[in-house]
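See structure below.
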Amino acid sequence: MYLKKFFQLILFFIGSSLCADVRTITADCAVLDDKLHTLRFNGHVTSKNNDLFFTADTAEVKYGNKFNSLDSAHLHGNICLKFHDSKITSEHADFNGCTLEFSVDTFHFDQKKFCLFINKDLRMIAREFIAIMSQKYVTKIIAKGYVYILHNNSIIKADSAEFNRDENSIIFRGNVAILDSQKNCVKCNFCKINLREKKYYISGRIRGDITL
């Protein structure tokens with residue numbers, strides 16, 4: 001079944017952890033395969049459900065035996081996901097259960113090939129993000145691979161990072177390096193930032209150069 005330009009479809013994905021009662025998806029073209037239980041959307045794909053909004057070049061949705069149950073979804077190309085006061089951009093995204101996984105084929109900073117997470121005054125890039133959801137609400141963002149963060153005029157690098165929305169904190173692990181606006185550099189294995197109070201807690205093989 002082919003659905004042409006400016007097609008608009010209302011999908012009732014009741015019971016899905018990613019969706020509320022009604023999700024609106026628009027695209028240039030859509031193909032429904034009832035045998036495989038898939039919906040494929042191509043061109044200017046947009047989807048909105050309460051506070052969760054995304055755009056992509058293409059999307060494939062797999063539903064269960066009942067049309068109103070969402071099993072999984074894969075997005076590709078120029079992905080932008082917006083929720084509450086945050087935004088994530090990437091090349092690929094997979095929705096499965098209570099997790100959303102974002103990735104790029106290869107990480108390249110100069111060519112802007114990376115996943116980007118923006119939350120208020122926090123900017124984070126990495127090769128991969130995993131968003132953990134609870135009750136249709138994103139509670140944690142886990143970053144892996146080439147993690148860089150810009151916050152409070154400081155640049156922080158680490159092997160991995162975990163942003164906790166409820167605690168308003170972020171934890172860095174592995175080869176952590178912190179460079180502040182005064183060009184002070186501190187290296188350690190663990191760092192936790194209280195974003196609300198702008199306090200840093202560091203531990204594990206601490207070393208660095210401090211300019212007083």
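Going by the structure tokens order, chains are called A, B, ..., each with residues numbered from 1, while ligands are numbered from 1 in the order shown.
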
Skip segment 161-173 of chain A itself and residues of its chain fewer than 6 positions away, then list as a VMD selection string all residues within 10 Å of it, counting only C-alpha atoms. chain A and resid 119 124 126 129 to 132 137 to 145 147 to 149 188 to 202 204

Name the residues of segment 9-211 of chain A that come out as strand (DSSP E or B) in a backbone DSSP run; write them as a count of residues only. 141

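Nearest to His74 of chain A of all the residues A:Glu91, A:Asp105, A:Asp34, A:Asp28 is A:Glu91, based on only C-alpha atoms.
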
Would you list the contacts of Phe102 of chain A as a list in words, taking every protein, DNA or RNA residue within 6 Å and counting only C-alpha atoms, but skipping same-chain residues closer than 2 positions in sequence?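 Non-adjacent residues within range: His92, Ala93, Glu128 and Phe129 of chain A.
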
With C-alpha atoms retained, write the just-selected residues as a PDB file, in the first residue's frame.
ATOM      1  CA  HIS A  92      20.815   6.144  13.291  1.00  0.00           C
ATOM      2  CA  ALA A  93      18.308   5.489  16.074  1.00  0.00           C
ATOM      3  CA  GLU A 128      26.808   6.444  20.769  1.00  0.00           C
ATOM      4  CA  PHE A 129      23.988   7.473  23.109  1.00  0.00           C
TER       5      PHE A 129
END

From the options A:Leu150, A:Cys185, A:Ile206, A:Met133, which residue's atoms come nearest to Lys120 of chain A, counting only C-alpha atoms? A:Leu150

Nearest candidate to Phe54 of chain A (options A:Leu122, A:Leu36, A:Ile79, A:Val186; using only C-alpha atoms):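 Closest candidate: A:Ile79.
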
d(atom CA of Ser86 of chain A, atom CA of Phe117 of chain A) in Å: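 For atom CA of Ser86 of chain A relative to atom CA of Phe117 of chain A, the distance reads 7.3 Å.
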
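With atom CA of Ala59 of chain A on one side and atom CA of Asp33 of chain A on the other, the separation reads 13.7 Å.
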
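Candidate residues A:Asn175, A:Asn42, A:Ser154, A:Asn96 were compared for distance to Ser72 of chain A, and the nearest is A:Asn96, using only C-alpha atoms.
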
State, in Å with one decimal place, the distance from atom CA of Lys157 of chain A to atom CA of Ala177 of chain A. 5.2 Å
